[in-house]
$ cat input-v7.cif   # mmCIF, C-alpha atoms and all ligand atoms
data_upload
#
loop_
_atom_site.label_atom_id
_atom_site.label_comp_id
_atom_site.auth_asym_id
_atom_site.auth_seq_id
_atom_site.Cartn_x
_atom_site.Cartn_y
_atom_site.Cartn_z
CA MET P 1 -21.70 20.77 -9.74
CA ASN P 2 -19.10 21.14 -12.51
CA THR P 3 -17.99 18.33 -14.81
CA ILE P 4 -15.87 15.84 -12.99
CA ALA P 5 -12.13 16.19 -13.53
CA LEU P 6 -11.78 12.67 -14.93
CA PHE P 7 -13.82 13.85 -17.94
CA GLY P 8 -12.18 17.24 -18.37
CA GLY P 9 -13.73 19.36 -15.57
CA THR P 10 -11.90 21.46 -12.99
CA PRO P 11 -10.51 19.45 -10.06
CA VAL P 12 -11.82 20.17 -6.55
CA ARG P 13 -8.26 20.36 -5.29
CA THR P 14 -4.98 21.31 -6.92
CA LYS P 15 -2.92 22.11 -3.78
CA SER P 16 -1.11 19.39 -1.87
CA PHE P 17 -2.16 18.42 1.66
CA PRO P 18 0.03 19.08 4.73
CA ALA P 19 3.16 16.96 4.94
CA TRP P 20 3.67 14.29 7.61
CA PRO P 21 5.87 13.86 9.63
CA LYS P 22 6.81 17.50 10.20
CA PRO P 23 10.28 18.63 11.28
CA SER P 24 10.52 21.19 14.09
CA GLN P 25 13.09 23.29 15.91
CA LYS P 26 12.35 21.23 19.03
CA PHE P 27 13.56 18.10 17.25
CA SER P 28 16.76 19.80 16.10
CA ASP P 29 17.45 21.07 19.62
CA ALA P 30 16.75 17.68 21.17
CA LEU P 31 18.99 15.90 18.65
CA MET P 32 21.85 18.35 19.23
CA ASN P 33 21.45 18.02 22.98
CA THR P 34 21.79 14.25 22.74
CA LEU P 35 24.71 14.57 20.34
CA HIS P 36 26.68 16.69 22.79
CA ASN P 37 25.41 15.78 26.25
CA ASP P 38 24.21 12.19 26.39
CA LEU P 39 25.18 8.68 25.40
CA TRP P 40 24.06 7.93 21.82
CA GLY P 41 22.72 4.47 22.47
CA VAL P 42 22.42 1.97 25.31
CA GLY P 43 22.36 3.56 28.77
CA SER P 44 21.33 7.04 27.55
CA ASN P 45 19.32 9.27 29.88
CA ILE P 46 16.99 10.29 27.08
CA ASN P 47 15.93 6.71 26.39
CA LYS P 48 15.08 6.17 30.06
CA GLU P 49 13.19 9.46 30.12
CA PHE P 50 11.28 8.58 26.98
CA ASN P 51 10.33 5.13 28.27
CA GLU P 52 8.97 6.61 31.51
CA ALA P 53 7.04 9.31 29.68
CA PHE P 54 5.66 6.98 26.99
CA ALA P 55 4.54 4.40 29.57
CA SER P 56 2.73 7.09 31.51
CA PHE P 57 1.20 8.53 28.31
CA GLN P 58 -0.17 5.10 27.37
CA ASP P 59 -1.49 4.42 30.92
CA ALA P 60 1.08 1.66 31.45
CA LYS P 61 3.64 0.89 34.13
CA TYR P 62 6.51 0.09 31.74
CA SER P 63 7.67 0.91 28.25
CA ILE P 64 10.55 -0.90 26.58
CA SER P 65 11.56 1.02 23.47
CA THR P 66 12.74 -1.00 20.47
CA SER P 67 14.28 -0.56 17.04
CA SER P 68 10.93 -1.04 15.23
CA GLY P 69 7.35 -2.19 15.67
CA THR P 70 8.33 -5.48 14.04
CA SER P 71 11.11 -6.13 16.56
CA ALA P 72 8.70 -5.10 19.34
CA LEU P 73 6.27 -7.77 18.11
CA TRP P 74 8.96 -10.45 18.04
CA VAL P 75 10.21 -9.49 21.51
CA ALA P 76 6.67 -9.40 22.95
CA LEU P 77 5.77 -12.80 21.46
CA LYS P 78 8.94 -14.39 22.86
CA ALA P 79 8.38 -12.73 26.23
CA ALA P 80 4.79 -14.06 26.25
CA GLY P 81 6.26 -17.56 25.95
CA VAL P 82 5.65 -18.36 22.27
CA ASN P 83 7.68 -21.47 21.46
CA ALA P 84 8.15 -23.33 18.19
CA GLY P 85 4.76 -24.52 16.92
CA ASP P 86 2.64 -22.39 19.27
CA GLU P 87 -0.32 -20.71 17.62
CA VAL P 88 -1.02 -16.99 17.66
CA ILE P 89 -4.45 -15.73 16.59
CA VAL P 90 -4.21 -12.67 14.33
CA PRO P 91 -6.37 -10.84 11.79
CA ALA P 92 -5.40 -10.97 8.10
CA TYR P 93 -6.42 -7.35 7.42
CA THR P 94 -3.29 -5.65 8.73
CA PHE P 95 0.34 -4.89 7.93
CA ILE P 96 2.48 -7.95 7.23
CA ALA P 97 4.52 -7.62 10.47
CA THR P 98 1.52 -8.69 12.59
CA ALA P 99 1.78 -12.17 11.11
CA SER P 100 5.39 -12.35 9.91
CA SER P 101 6.61 -11.63 13.45
CA VAL P 102 4.77 -14.78 14.56
CA LEU P 103 6.66 -16.83 11.96
CA MET P 104 9.89 -15.11 13.04
CA ALA P 105 9.19 -16.23 16.63
CA ASN P 106 8.76 -19.78 15.23
CA GLY P 107 5.04 -19.61 15.96
CA VAL P 108 2.09 -20.29 13.70
CA PRO P 109 -0.21 -17.43 12.66
CA VAL P 110 -3.86 -18.48 12.79
CA PHE P 111 -5.95 -15.99 10.84
CA VAL P 112 -9.39 -14.97 12.07
CA ASP P 113 -11.84 -12.91 10.03
CA ILE P 114 -12.76 -9.30 10.74
CA ASP P 115 -15.94 -7.44 11.50
CA ILE P 116 -16.32 -5.51 8.25
CA GLU P 117 -17.75 -2.43 9.97
CA THR P 118 -14.81 -1.84 12.30
CA GLY P 119 -12.11 -3.52 10.17
CA ASN P 120 -10.90 -5.27 13.34
CA MET P 121 -10.74 -8.95 14.30
CA ASN P 122 -14.24 -10.29 15.00
CA PRO P 123 -14.30 -11.57 18.62
CA ALA P 124 -17.26 -13.85 17.83
CA LEU P 125 -14.94 -15.97 15.64
CA ILE P 126 -11.99 -16.26 18.02
CA GLU P 127 -13.11 -19.19 20.17
CA ASP P 128 -13.50 -21.46 17.14
CA ALA P 129 -9.86 -20.77 16.26
CA ILE P 130 -8.52 -21.70 19.72
CA THR P 131 -6.70 -25.05 20.03
CA ASP P 132 -4.49 -26.53 22.73
CA LYS P 133 -1.54 -24.87 20.96
CA THR P 134 -2.91 -21.30 21.15
CA LYS P 135 -0.53 -19.12 23.18
CA VAL P 136 -1.53 -15.58 22.26
CA ILE P 137 -4.45 -13.65 20.79
CA MET P 138 -3.15 -10.59 18.98
CA PRO P 139 -5.80 -8.04 17.99
CA VAL P 140 -4.72 -5.08 15.85
CA HIS P 141 -6.26 -1.64 16.37
CA ILE P 142 -6.49 -1.09 12.66
CA ALA P 143 -6.14 2.50 11.45
CA GLY P 144 -5.86 3.42 15.16
CA ASN P 145 -9.46 2.30 15.81
CA PRO P 146 -9.62 0.21 19.04
CA ALA P 147 -10.68 -3.43 18.64
CA ASP P 148 -13.35 -4.88 20.94
CA MET P 149 -11.00 -5.33 23.89
CA ASP P 150 -13.67 -6.32 26.45
CA ALA P 151 -14.74 -9.30 24.37
CA ILE P 152 -11.17 -10.28 23.45
CA LEU P 153 -9.83 -9.99 27.02
CA ALA P 154 -12.78 -12.05 28.30
CA ILE P 155 -11.97 -14.83 25.81
CA GLY P 156 -8.30 -14.69 26.76
CA LYS P 157 -9.16 -14.94 30.44
CA LYS P 158 -11.63 -17.80 29.94
CA HIS P 159 -9.04 -19.90 28.06
CA GLY P 160 -5.90 -18.78 29.92
CA ILE P 161 -4.42 -17.24 26.77
CA HIS P 162 -2.40 -14.01 26.72
CA VAL P 163 -3.64 -10.99 24.80
CA ILE P 164 -1.01 -8.80 23.12
CA GLU P 165 -2.25 -5.71 21.29
CA ASP P 166 -0.70 -4.69 18.01
CA ALA P 167 -1.18 -0.97 18.61
CA ALA P 168 1.41 0.01 15.99
CA GLN P 169 -1.08 2.51 14.52
CA ALA P 170 -2.86 3.47 17.73
CA HIS P 171 -0.79 5.95 19.76
CA GLY P 172 -3.14 7.69 22.17
CA ALA P 173 -6.23 5.63 21.20
CA GLU P 174 -8.50 4.73 24.12
CA TRP P 175 -10.76 1.91 25.14
CA GLY P 176 -13.22 2.88 27.88
CA GLY P 177 -11.13 5.97 28.70
CA ILE P 178 -7.90 3.97 29.11
CA LYS P 179 -5.15 4.18 26.52
CA VAL P 180 -4.60 1.00 24.52
CA GLY P 181 -1.45 -1.13 24.73
CA ALA P 182 -1.41 -2.48 28.26
CA LEU P 183 -5.03 -3.65 28.45
CA GLY P 184 -3.93 -7.29 28.26
CA LEU P 185 -0.46 -8.68 28.93
CA GLY P 186 1.09 -5.95 26.80
CA GLY P 187 1.09 -4.23 23.45
CA ILE P 188 3.38 -2.78 20.83
CA PHE P 189 3.71 0.53 19.00
CA SER P 190 5.63 1.61 15.91
CA PHE P 191 7.48 4.88 15.38
CA GLN P 192 8.24 4.13 11.72
CA THR P 193 8.33 7.20 9.56
CA SER P 194 4.63 7.48 8.61
CA LYS P 195 3.23 6.80 12.08
CA ASN P 196 1.44 9.35 14.30
CA MET P 197 4.61 9.42 16.42
CA SER P 198 7.66 9.17 14.22
CA ALA P 199 11.39 8.81 14.68
CA GLY P 200 12.03 7.52 11.17
CA GLU P 201 12.10 4.04 12.67
CA GLY P 202 11.45 2.71 16.16
CA GLY P 203 8.98 0.92 18.36
CA ALA P 204 7.97 0.21 21.96
CA ILE P 205 6.28 -2.41 24.08
CA VAL P 206 4.10 -1.30 26.99
CA THR P 207 2.87 -3.43 29.88
CA ASN P 208 1.77 -3.42 33.51
CA ASP P 209 3.28 -6.85 34.14
CA ASP P 210 6.64 -6.90 35.97
CA GLY P 211 7.75 -10.32 34.71
CA PHE P 212 6.74 -9.65 31.09
CA ALA P 213 8.56 -6.28 31.21
CA GLU P 214 11.71 -7.96 32.47
CA ARG P 215 11.57 -10.64 29.75
CA CYS P 216 10.97 -7.98 27.08
CA PHE P 217 13.97 -6.07 28.38
CA SER P 218 16.07 -9.20 28.08
CA TYR P 219 14.91 -10.27 24.59
CA HIS P 220 15.39 -6.74 23.21
CA ASN P 221 18.82 -6.33 24.79
CA CYS P 222 20.87 -9.36 23.76
CA GLY P 223 19.40 -11.55 26.49
CA ARG P 224 20.83 -9.40 29.30
CA VAL P 225 19.03 -9.20 32.63
CA THR P 226 18.41 -6.12 34.75
CA GLY P 227 21.12 -5.94 37.38
CA GLY P 228 23.15 -8.65 35.62
CA GLU P 229 26.65 -8.44 34.17
CA TRP P 230 27.19 -6.82 30.75
CA TYR P 231 28.37 -10.17 29.38
CA GLU P 232 25.65 -12.26 31.00
CA HIS P 233 22.95 -13.50 28.61
CA SER P 234 19.92 -15.41 29.83
CA HIS P 235 17.69 -15.45 26.74
CA LEU P 236 18.26 -15.81 23.01
CA GLY P 237 17.62 -12.14 22.37
CA GLY P 238 19.20 -9.60 20.05
CA ASN P 239 20.03 -5.96 19.79
CA PHE P 240 16.58 -4.48 19.20
CA ARG P 241 17.21 -1.23 21.07
CA LEU P 242 16.08 2.26 20.10
CA SER P 243 18.90 4.76 19.70
CA ALA P 244 19.15 7.88 21.88
CA PHE P 245 18.63 10.07 18.79
CA GLN P 246 15.32 8.40 18.06
CA ALA P 247 14.26 8.76 21.71
CA SER P 248 15.15 12.48 21.56
CA MET P 249 12.87 12.92 18.54
CA LEU P 250 10.03 11.06 20.24
CA LEU P 251 9.96 12.68 23.67
CA PRO P 252 8.79 16.15 22.49
CA GLN P 253 6.06 14.49 20.40
CA LEU P 254 4.29 13.41 23.57
CA ASP P 255 3.57 17.11 24.18
CA THR P 256 2.20 17.73 20.69
CA LEU P 257 0.38 14.41 20.17
CA PRO P 258 -2.80 15.36 22.10
CA ASP P 259 -3.30 18.37 19.80
CA THR P 260 -2.69 16.28 16.70
CA ILE P 261 -5.16 13.71 17.99
CA SER P 262 -7.79 16.47 18.42
CA LEU P 263 -7.08 17.80 14.94
CA ARG P 264 -7.43 14.31 13.46
CA ASN P 265 -10.65 13.71 15.46
CA ASN P 266 -12.22 17.01 14.42
CA ASN P 267 -11.41 16.59 10.77
CA ARG P 268 -12.55 12.98 10.83
CA ALA P 269 -15.89 14.07 12.37
CA LYS P 270 -16.36 16.69 9.63
CA LEU P 271 -15.55 14.20 6.92
CA ASP P 272 -17.77 11.45 8.39
CA ASN P 273 -20.58 13.93 8.61
CA VAL P 274 -20.54 14.27 4.83
CA LEU P 275 -19.74 10.62 4.05
CA ASN P 276 -22.57 9.36 6.26
CA ASP P 277 -25.01 11.16 3.96
CA ILE P 278 -23.68 9.49 0.82
CA ASP P 279 -25.59 6.32 0.07
CA GLY P 280 -22.97 3.68 -0.83
CA ILE P 281 -20.08 5.15 1.19
CA THR P 282 -19.68 4.01 4.82
CA PRO P 283 -16.98 5.35 7.17
CA GLN P 284 -15.16 2.89 9.46
CA LYS P 285 -17.22 2.28 12.58
CA MET P 286 -15.91 2.96 16.07
CA LEU P 287 -17.38 0.85 18.87
CA GLU P 288 -19.15 2.71 21.66
CA LYS P 289 -16.43 1.88 24.17
CA ALA P 290 -13.70 3.11 21.81
CA THR P 291 -13.46 6.53 23.43
CA ASN P 292 -10.67 7.74 21.16
CA SER P 293 -9.22 6.63 17.87
CA ALA P 294 -5.71 7.53 16.73
CA ASN P 295 -7.16 8.06 13.22
CA HIS P 296 -3.87 6.97 11.72
CA LEU P 297 -5.49 5.81 8.48
CA ILE P 298 -8.85 6.96 7.16
CA LEU P 299 -10.91 3.99 6.10
CA SER P 300 -14.33 3.83 4.54
CA ARG P 301 -16.21 1.39 2.34
CA TYR P 302 -17.52 1.54 -1.21
CA ASP P 303 -20.68 -0.31 -2.21
CA LYS P 304 -20.68 -0.48 -5.97
CA SER P 305 -24.32 -1.58 -6.07
CA ALA P 306 -25.23 1.96 -4.96
CA PHE P 307 -23.36 3.28 -8.03
CA HIS P 308 -24.76 1.21 -10.92
CA GLY P 309 -21.95 -1.34 -10.47
CA ILE P 310 -19.16 1.15 -11.29
CA PRO P 311 -15.89 -0.58 -10.27
CA ARG P 312 -14.07 0.76 -7.22
CA ASP P 313 -10.93 1.37 -9.29
CA THR P 314 -12.84 3.79 -11.51
CA PHE P 315 -14.02 5.61 -8.40
CA PHE P 316 -10.36 5.81 -7.25
CA LYS P 317 -9.35 7.27 -10.63
CA ALA P 318 -12.13 9.85 -10.48
CA MET P 319 -11.13 10.90 -6.93
CA GLN P 320 -7.49 11.10 -7.94
CA ALA P 321 -8.42 13.38 -10.85
CA GLU P 322 -10.18 15.63 -8.33
CA GLY P 323 -6.89 15.92 -6.42
CA VAL P 324 -7.80 13.54 -3.57
CA TYR P 325 -5.83 10.31 -3.68
CA THR P 326 -7.77 7.23 -2.56
CA TYR P 327 -6.66 3.62 -2.84
CA GLN P 328 -7.36 0.02 -1.82
CA GLY P 329 -4.80 -0.47 0.96
CA TYR P 330 -4.17 -3.96 2.38
CA ALA P 331 -4.73 -7.28 0.64
CA PRO P 332 -5.51 -10.40 2.78
CA LEU P 333 -2.18 -11.35 4.33
CA TYR P 334 -2.45 -15.09 3.78
CA ARG P 335 -2.16 -14.52 0.02
CA GLU P 336 1.39 -13.23 0.38
CA ARG P 337 4.01 -15.54 -1.08
CA LEU P 338 5.86 -15.77 2.21
CA PHE P 339 3.06 -18.01 3.52
CA ILE P 340 3.97 -20.65 0.95
CA THR P 341 6.38 -21.99 3.53
CA ASN P 342 9.07 -24.57 3.33
CA ASN P 343 8.51 -27.42 5.77
CA GLU P 344 12.23 -28.00 6.10
CA GLU P 345 12.75 -24.45 7.28
CA TYR P 346 9.67 -24.48 9.55
CA PRO P 347 8.79 -28.11 10.32
CA TRP P 348 6.05 -27.06 12.74
CA LEU P 349 4.12 -25.49 9.85
CA LYS P 350 3.54 -28.89 8.24
CA GLY P 351 -0.21 -29.35 7.89
CA TYR P 352 -1.05 -25.63 7.74
CA ASN P 353 -2.07 -24.65 4.23
CA TYR P 354 -2.54 -20.92 3.95
CA SER P 355 -3.31 -21.08 0.22
CA GLU P 356 -6.59 -22.84 1.01
CA LEU P 357 -7.73 -20.16 3.44
CA THR P 358 -10.58 -17.78 2.66
CA LEU P 359 -11.89 -15.21 5.12
CA PRO P 360 -15.00 -13.73 3.50
CA GLU P 361 -15.18 -10.38 5.28
CA THR P 362 -11.44 -9.72 4.97
CA GLU P 363 -11.67 -10.46 1.25
CA ARG P 364 -14.83 -8.41 0.81
CA LEU P 365 -13.19 -5.42 2.48
CA ALA P 366 -9.85 -5.70 0.68
CA ASP P 367 -10.99 -6.86 -2.74
CA GLU P 368 -14.21 -4.91 -3.15
CA GLU P 369 -15.00 -2.24 -0.60
CA SER P 370 -12.09 -0.56 1.18
CA ILE P 371 -11.30 3.07 0.47
CA TRP P 372 -8.17 4.47 2.07
CA LEU P 373 -7.23 8.10 2.31
CA ARG P 374 -3.74 9.24 3.18
CA GLN P 375 -3.41 10.43 6.77
CA ASN P 376 -2.28 13.90 5.72
CA HIS P 377 -5.82 14.51 4.45
CA LEU P 378 -6.77 14.80 8.14
CA LEU P 379 -4.01 17.22 9.04
CA GLY P 380 -5.17 20.42 7.42
CA ASN P 381 -7.74 23.12 8.17
CA ASP P 382 -11.47 23.30 7.49
CA GLU P 383 -10.96 24.13 3.84
CA ASP P 384 -8.63 21.17 3.36
CA ILE P 385 -10.99 18.62 4.88
CA MET P 386 -13.97 20.09 3.00
CA ASP P 387 -12.03 19.64 -0.25
CA VAL P 388 -11.78 15.93 0.59
CA ALA P 389 -15.48 15.76 1.46
CA ASN P 390 -16.47 17.74 -1.66
CA ALA P 391 -14.49 15.41 -3.90
CA PHE P 392 -16.46 12.45 -2.48
CA THR P 393 -19.75 14.29 -3.00
CA LYS P 394 -18.90 15.45 -6.51
CA VAL P 395 -17.69 12.05 -7.75
CA THR P 396 -20.46 9.99 -6.15
CA GLU P 397 -23.21 12.32 -7.41
CA ALA P 398 -21.80 12.19 -10.92
CA MET P 399 -21.54 8.39 -10.80
CA ARG P 400 -25.10 8.09 -9.63
CA LYS P 401 -26.61 10.56 -12.11
CA ASN P 402 -24.66 9.69 -15.23
CA PRO P 403 -23.00 6.28 -14.85
CA ASP P 404 -22.32 5.49 -18.53
CA PRO P 405 -18.99 7.32 -18.98
CA PHE P 406 -17.73 5.68 -15.76
CA LEU P 407 -18.94 2.23 -16.82
CA THR P 408 -17.17 2.49 -20.15
CA TYR P 409 -14.08 4.21 -18.73
CA ASN P 410 -10.97 2.20 -19.54
CA ILE P 411 -8.53 2.18 -16.64
C1 LIG P 501 -0.38 -2.94 12.32
C2 LIG P 501 1.13 -2.86 12.25
N1 LIG P 501 1.86 -3.76 12.93
C3 LIG P 501 3.19 -3.72 12.92
C4 LIG P 501 3.88 -2.76 12.21
C5 LIG P 501 5.37 -2.82 12.16
O1 LIG P 501 6.00 -1.66 12.57
P1 LIG P 501 7.44 -1.25 11.96
O2 LIG P 501 7.22 -0.80 10.56
O3 LIG P 501 7.89 -0.15 12.87
O4 LIG P 501 8.32 -2.44 12.06
C6 LIG P 501 3.16 -1.78 11.51
C7 LIG P 501 3.78 -0.66 10.78
O5 LIG P 501 4.35 -0.49 9.86
C8 LIG P 501 1.74 -1.84 11.51
O6 LIG P 501 1.01 -0.96 10.84
#
$ encode --input "input-v7.cif" --output "structure tokens"
Amino acid sequence: MNTIALFGGTPVRTKSFPAWPKPSQKFSDALMNTLHNDLWGVGSNINKEFNEAFASFQDAKYSISTSSGTSALWVALKAAGVNAGDEVIVPAYTFIATASSVLMANGVPVFVDIDIETGNMNPALIEDAITDKTKVIMPVHIAGNPADMDAILAIGKKHGIHVIEDAAQAHGAEWGGIKVGALGLGGIFSFQTSKNMSAGEGGAIVTNDDGFAERCFSYHNCGRVTGGEWYEHSHLGGNFRLSAFQASMLLPQLDTLPDTISLRNNNRAKLDNVLNDIDGITPQKMLEKATNSANHLILSRYDKSAFHGIPRDTFFKAMQAEGVYTYQGYAPLYRERLFITNNEEYPWLKGYNYSELTLPETERLADEESIWLRQNHLLGNDEDIMDVANAFTKVTEAMRKNPDPFLTYNI
């Protein structure tokens, strides 16, 4: 093993990894077709076609495409009946929109801790968080890794509470052989630029429930109702529609997504194979019933006690010097300043004090253990993924054998 790059050795990797998202001739053709032959927005054929295809792809009856994953969350929460002061149970290890959308719907996010191995909301802690104000449980399939939907749906059923999946990162992921999204009342996806399906921006809600689908349609389309007049508005909705250009970009991706999912799966398996043999590095766990992950993010955990107490940030620096960028990722959401709320703006939040909250496993993961890799590390060939794996091996072996230069390294 040569000297590690942080201390002057040759890096494992000097080339960049494949770019994501990737443009293609199919996208250009589809965009030009819409430009010349279809409506550009509401009422377009391509949007209808995309909704039908996406619903079918996600094993759902309906898809309602939206302007973003965030607007999809707001629409879904309103359509599930969240009123001012209703509580929505969410994890705190996720993107901000999971919880900020609850505030935007005038609801109250109630944070529940995660299972550190999966990174997903821990179902064993949900019942303690349920009150007579709980309207929705919203698990997130973090990194595209399905949450324990059997346990969560059973709790929802027992208490008469809706389950809405935040599947923003989980296109094509499966629970028990069924695609995620419509396992409960409904679920949302994001097509924001970095996602596994990308239109720059965009989102969708999927569901098997006729009434929920109709309410989502209304909230995302200015409160209009199917079959109603153009200027007839039954709900306080907004314009949260996807444009026809975005739909044209997304439709062809349903043909290529299965191959990308296989590529991500294969590379993830090769990487995990190496990481599983490194004492002190633990890849994100998939539950047995999670038959497919979208592998949107690549998460693993760092145990500094296996490396003479070398701080995680020093490990990140050493990996970066090897040409493989790793980083911490999310911080616990409740620490964000936006949760220092103003009771005049949101009177129903009086009595909730997010600054006093501590969720030990969320904090352990975010503050001490998480290692994130960029998704494009999974999108290359054998040599590319082995470069990632070799960087882990090289850095961790060096840290274990000769910790002093790492321990005294000044970040
Ligand atoms: C878990 C999660 N929920 C919601 C969103 C919001 O999606 P968007 O960025 O499309 O609004 C994202 C993505 O950014 C996400 O990762």
$ residues_around --input "input-v7.cif" --residues "P:Lys157" --least-positions-apart "4" --cutoff "12 Å" --atoms "all atoms listed in the file" --output "ChimeraX atom specification"
/P:127,136-137,149-153,161-163,184-185
$ closest_residue --input "input-v7.cif" --among "P:Asn106, P:Thr326, P:Asn273, P:Ser300" --to "P:Ala389" --atoms "all atoms listed in the file"
P:Asn273
$ residues_near_ligand --input "input-v7.cif" --ligand "ligand LIG 501 (chain P)" --cutoff "7 Å" --atoms "all atoms listed in the file" --output "ChimeraX atom specification"
/P:68-71,94-95,97-98,140,142,166-169,190-192,201-203
$ residues_around --input "input-v7.cif" --residues "P:Ser56" --least-positions-apart "5" --cutoff "12 Å" --atoms "all atoms listed in the file" --output "PyMOL selection string"
chain P and resi 49-51+61-63+172+178-182+206-208+254
$ write_last_selection --input "input-v7.cif" --atoms "C-alpha atoms" --output "tab-separated table (two decimals), in the coordinates of the input"
chain	number	residue	atom	x	y	z
P	49	GLU	CA	13.19	9.46	30.12
P	50	PHE	CA	11.28	8.58	26.98
P	51	ASN	CA	10.33	5.13	28.27
P	61	LYS	CA	3.64	0.89	34.13
P	62	TYR	CA	6.51	0.09	31.74
P	63	SER	CA	7.67	0.91	28.25
P	172	GLY	CA	-3.14	7.69	22.17
P	178	ILE	CA	-7.90	3.97	29.11
P	179	LYS	CA	-5.15	4.18	26.52
P	180	VAL	CA	-4.60	1.00	24.52
P	181	GLY	CA	-1.45	-1.13	24.73
P	182	ALA	CA	-1.41	-2.48	28.26
P	206	VAL	CA	4.10	-1.30	26.99
P	207	THR	CA	2.87	-3.43	29.88
P	208	ASN	CA	1.77	-3.42	33.51
P	254	LEU	CA	4.29	13.41	23.57
$ closest_residue --input "input-v7.cif" --among "P:Thr66, P:Asn2, P:Thr10, P:Asn122" --to "P:Ala321" --atoms "only C-alpha atoms"
P:Thr10
$ residues_near_point --input "input-v7.cif" --point "(-12.0, 2.7, -8.3)" --cutoff "12 Å" --atoms "only C-alpha atoms" --output "VMD selection string"
chain P and resid 6 301 to 304 307 309 to 321 325 to 328 367 to 372 395 to 396 399 406 to 407 409 to 411
$ atom_distance --input "input-v7.cif" --atom1 "atom CA of P:Thr282" --atom2 "atom CA of P:Leu333"
23.3 Å
$ residues_around --input "input-v7.cif" --residues "P:Leu263" --least-positions-apart "4" --cutoff "8 Å" --atoms "all atoms listed in the file" --output "list in words"
Asp259, Asn267, Leu378 and Leu379 of chain P
$ residues_around --input "input-v7.cif" --residues "P:Asp128" --least-positions-apart "4" --cutoff "12 Å" --atoms "all atoms listed in the file" --output "short mmCIF file (atom, residue, chain, number, x, y, z; two decimals) with C-alpha atoms, in the frame of the given file"
data_model
loop_
_atom_site.label_atom_id
_atom_site.label_comp_id
_atom_site.auth_asym_id
_atom_site.auth_seq_id
_atom_site.Cartn_x
_atom_site.Cartn_y
_atom_site.Cartn_z
CA ILE P 89 -4.45 -15.73 16.59
CA VAL P 110 -3.86 -18.48 12.79
CA PHE P 111 -5.95 -15.99 10.84
CA VAL P 112 -9.39 -14.97 12.07
CA ASP P 113 -11.84 -12.91 10.03
CA ASN P 122 -14.24 -10.29 15.00
CA PRO P 123 -14.30 -11.57 18.62
CA ALA P 124 -17.26 -13.85 17.83
CA ASP P 132 -4.49 -26.53 22.73
CA THR P 134 -2.91 -21.30 21.15
CA ILE P 155 -11.97 -14.83 25.81
CA HIS P 159 -9.04 -19.90 28.06
#
